[in-house]
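Reviewing the structure listed below.
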Amino acid sequence: MTAAAVIEARDVSLTFQTADGPVYALSKVNLTVTEGEFVSFIGPSGCGKTTLLRVIADLEQATDGRISVNGMSPQDARLKRAYGYVFQAPALYPWRTVERNVALPLEIMGLDDAAGRIRRNLELVNLAGFEKKFPWQLSGGMQQRVSIARALAFDPKLLLMDEPFGALDEIVRDKLNQQLLELWDRTGKTVVFVTHSIPEAVFLSTRIVVMSPRPGRIIDIIETNFPRTRTLDMRETPEFLAVAHRVREGLKAGHSYED
C-alpha cells in the first residue's frame with residue numbers, strides 16, 4: 001500500500017523583491033514527502049532550505065508553482081493546525097513554567113484535556129518532573145525539548161524543524177538526535193528537518209534533500225535505507241560513510257563552498 005503524500009511541491013519558486021533588485025530564493029522545487037518519512041533539507045547558508053520550510057508552513061508564500069500540505073493549501077494547513085513548527089531557538093516565554101509554555105497552543109486553540117496532553121508530551125521528550133521549572137532553570141538542550149513538546153501538544157501529523165540543535169554542543173546534539181529518532185519511531189509523525197550537518201542528516205533521515213544556492217534548488221534526493229532503530233555506532237559503518245560521501249559530493253556539485 002502506497003503511503004499518502006503529506007507534502008507535494010510542484011515547480012515552486014520564490015522571488016524576493018528588494019531595493020537592489022530581485023533575489024531568487026527558490027527555483028522550480030519539486031518534492032513529495034509521504035506519511036511517516038523523516039526528510040532532511042541540507043545545504044549551505046542561503047540555499048533556501050529554511051525558506052522552503054517556511055513556504056510549507058505558510059510563513060512565506062511562493063511566487064510560482066503550487067504546494068499542498070495534507071491535501072490543503074499551506075494557508076489552510078496553518079489555520080487548521082496541520083503541523084507543529086520547531087524554530088532554531090527554543091522561543092520559550094521566560095515568565096511561563098515548562099508546562100505553561102507547552103500549554104500555550106492548547107490555550108489558543110481551546111482544546112480539552114490540556115493537562116493530559118502536557119503530561120504525555122513532556123513524557124515523550126523525557127521531561128516528566130520538570131513541569132514547574134522555568135526556562136532559565138533548564139539547559140539549552142532541555143529548552144529545545146520543551147519547544148518540541150509544545151509543537152506536539154495538539155498532536156499534528158507533521159513536524160517541521162528548522163535546525164533545532166544547531167546551537168548545541170556535539171555531545172548534547174548526539175543525545176537529542178537519538179531521542180528525536182525514538183520520538184519519531186514511537187509517534188509515527190512525518191518529520192521535515194533542516195540542518196547544516198552531514199552526519200546529522202544521514203543519521204536521522206529516511207531521505208536527504210540536497211540543496212544548492214543561487215537560486216535555491218534541489219540537486220539530489222538520497223534515500224538512506226537504514227532501519228528505523230539506529231545507534232550512533234552506525235556512523236562508522238561503510239554504508240553510513242557512503243551516504244555521507246554522496247551528500248558531500250552533491251554539495252560540492254552545487255558549488256556550496258564558494259564565497
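Naming scheme: A, B, ... for chains in displayed order of the C-alpha cells; residues 1 onward per chain; ligands 1 onward as shown.
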
Would you give me, as a compact mmCIF listing (two decimals) with C-alpha atoms, in the first residue's frame, the residues in range 152-251 of chain A that DSSP reads as alpha helix (DSSP H)?
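Wrote part.txt, looks like this:
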# COMPACT_ATOMS: atom_id res chain seq x y z
CA LEU A 152 3.48 18.24 19.55
CA GLU A 170 28.17 17.90 19.84
CA ILE A 171 27.55 15.66 22.86
CA VAL A 172 24.14 17.19 23.59
CA ARG A 173 23.30 17.19 19.89
CA ASP A 174 24.06 13.46 19.60
CA LYS A 175 21.81 12.69 22.55
CA LEU A 176 18.95 14.79 21.17
CA ASN A 177 19.34 13.17 17.76
CA GLN A 178 18.84 9.77 19.38
CA GLN A 179 15.85 11.00 21.39
CA LEU A 180 14.29 12.56 18.29
CA LEU A 181 14.59 9.27 16.41
CA GLU A 182 12.92 7.47 19.32
CA LEU A 183 10.12 10.04 19.35
CA TRP A 184 9.67 9.70 15.56
CA ASP A 185 9.52 5.91 15.86
CA ARG A 186 7.03 5.99 18.75
CA THR A 187 4.67 8.57 17.28
CA ILE A 198 26.00 15.96 7.02
CA PRO A 199 26.31 13.35 9.83
CA GLU A 200 23.07 14.61 11.42
CA ALA A 201 21.18 14.45 8.12
CA VAL A 202 22.42 10.93 7.36
CA PHE A 203 21.79 9.64 10.89
CA LEU A 204 18.23 10.94 11.17
CA PRO A 238 30.76 1.72 5.35
CA GLU A 239 27.06 2.16 4.48
CA PHE A 240 26.78 5.35 6.52
CA LEU A 241 30.03 6.77 5.16
CA ALA A 242 28.93 6.02 1.60
CA VAL A 243 25.72 8.02 2.03
CA ALA A 244 27.65 10.86 3.72
CA HIS A 245 30.09 10.88 0.79
CA ARG A 246 27.24 11.18 -1.71
CA VAL A 247 25.77 14.11 0.25
CA ARG A 248 29.17 15.81 0.34
CA GLU A 249 29.66 15.29 -3.40
CA GLY A 250 26.22 16.75 -4.03
CA LEU A 251 27.09 19.84 -2.04

Mind listing the strand (DSSP E or B) residues of range 2-246 of chain A, per DSSP on the backbone, as a PyMOL selection string? chain A and resi 5-18+21-34+38-42+64-69+72+83-86+158-162+190-195+207-212+216-223

For Leu26 in chain A, the nearest of the candidates A:Ile218, A:Ile7, A:Ala89, A:Ala149, counting only C-alpha atoms: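 Of A:Ile218, A:Ile7, A:Ala89, A:Ala149, the one nearest Leu26 in chain A, counting only C-alpha atoms, is A:Ile218.
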
Arg217 in chain A environment, 8 Å, only C-alpha atoms, sequence neighbours closer than 4 positions dropped, as a list in words: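 Surrounding residues, per the criterion: Leu26, Ser27, Lys28, Val29, Cys47, Gly48, Met211, Ser212 and Pro213 of chain A.
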
Need the shell around Ala115 in chain A: protein/DNA/RNA residues with any atom at most 12 Å away, counting only C-alpha atoms. Skip same-chain ones fewer than 4 positions apart. Format as a PyMOL selection string? chain A and resi 99-100+102-104+106-107+111+119-122+131+153-154

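Residues in contact with Thr34 in chain A at 8 Å, where only C-alpha atoms are counted and same-chain residues fewer than 6 positions away are skipped, are listed as Ala3, Ala4, Ala5, Val6, Ile7 and Thr190 of chain A.
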
Residues from last step as file, N, CA and C atoms, as an mmCIF file, in the first residue's frame:
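And here is the file that came out, selection21.cif:
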data_model
loop_
_atom_site.group_PDB
_atom_site.id
_atom_site.type_symbol
_atom_site.label_atom_id
_atom_site.label_comp_id
_atom_site.auth_asym_id
_atom_site.auth_seq_id
_atom_site.Cartn_x
_atom_site.Cartn_y
_atom_site.Cartn_z
ATOM 1 N N ALA A 3 2.109 4.924 0.699
ATOM 2 C CA ALA A 3 1.859 5.913 1.756
ATOM 3 C C ALA A 3 1.288 7.190 1.155
ATOM 4 N N ALA A 4 0.428 7.845 1.930
ATOM 5 C CA ALA A 4 -0.199 9.079 1.463
ATOM 6 C C ALA A 4 0.816 10.209 1.419
ATOM 7 N N ALA A 5 0.632 11.111 0.455
ATOM 8 C CA ALA A 5 1.502 12.280 0.357
ATOM 9 C C ALA A 5 1.104 13.307 1.404
ATOM 10 N N VAL A 6 2.059 13.750 2.204
ATOM 11 C CA VAL A 6 1.824 14.786 3.211
ATOM 12 C C VAL A 6 2.166 16.164 2.650
ATOM 13 N N ILE A 7 3.252 16.236 1.886
ATOM 14 C CA ILE A 7 3.666 17.488 1.238
ATOM 15 C C ILE A 7 3.892 17.210 -0.243
ATOM 16 N N THR A 190 5.326 12.454 10.570
ATOM 17 C CA THR A 190 6.150 12.826 9.431
ATOM 18 C C THR A 190 6.999 14.010 9.866
#

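Candidate residues A:Gly21, A:Gly36, A:Gly216, A:Gly129 were compared for distance to Leu159 in chain A, and the nearest is A:Gly36, using only C-alpha atoms.
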
Could I get the residues of range 64-93 of chain A with an atom no further than 10 Å from an atom of range 136-142 of chain A, each paired with its nearest atom pair and that distance in Å to one decimal, using only C-alpha atoms, sorted by chain and residue number, as a tab-separated table?
residue	atom	partner	partner_atom	distance
A:Ala89	CA	A:Gly140	CA	9.1
A:Pro90	CA	A:Gly140	CA	8.2
A:Leu92	CA	A:Trp136	CA	9.6
A:Tyr93	CA	A:Trp136	CA	9.8

Any chance you could export the current selection's C-alpha atoms as a PDB file, in the first residue's frame?
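What follows is the written file selection-v6.pdb:
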ATOM      1  CA  ALA A  89      15.914  28.857  19.120  1.00  0.00           C
ATOM      2  CA  PRO A  90      13.514  27.434  21.735  1.00  0.00           C
ATOM      3  CA  LEU A  92      10.051  29.987  25.255  1.00  0.00           C
ATOM      4  CA  TYR A  93       8.383  32.627  27.411  1.00  0.00           C
TER       5      TYR A  93
END

Between A:Thr195, A:Asn70, A:Ser45, A:Thr51, which one has atoms that come closest to Val33 in chain A, using only C-alpha atoms? A:Asn70

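Take CA of Ala167 in chain A and CA of Gln88 in chain A: the distance between them is 8.0 Å.
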
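The smallest atom-to-atom distance between Arg207 in chain A and any of A:Asn126, A:Ala82, A:Phe41, A:Ile108, using only C-alpha atoms, is found for A:Phe41.
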
Do a neighbour search on Val192 in chain A at 9 Å with only C-alpha atoms, toss out local chain neighbours closer than 5 positions, and write the hits as a list of chain:residue names.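 These residues fall inside the cut-off: A:Val33, A:Glu37, A:Phe38, A:Val39, A:Ser40, A:Phe41, A:Leu53, A:Leu158, A:Leu159, A:Leu160, A:Met161, A:Asp162.
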
Tell me which of A:Val86, A:Val23, A:Ala114, A:Met109 sits closest to Ile148 in chain A, counting only C-alpha atoms.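 With only C-alpha atoms as the atom set, the closest residue is A:Val86.
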
Can you work out which one of A:Leu79, A:Met234, A:Ala9, A:Val98 has the shortest atom-to-atom distance to Gly65 in chain A, counting only C-alpha atoms? A:Ala9
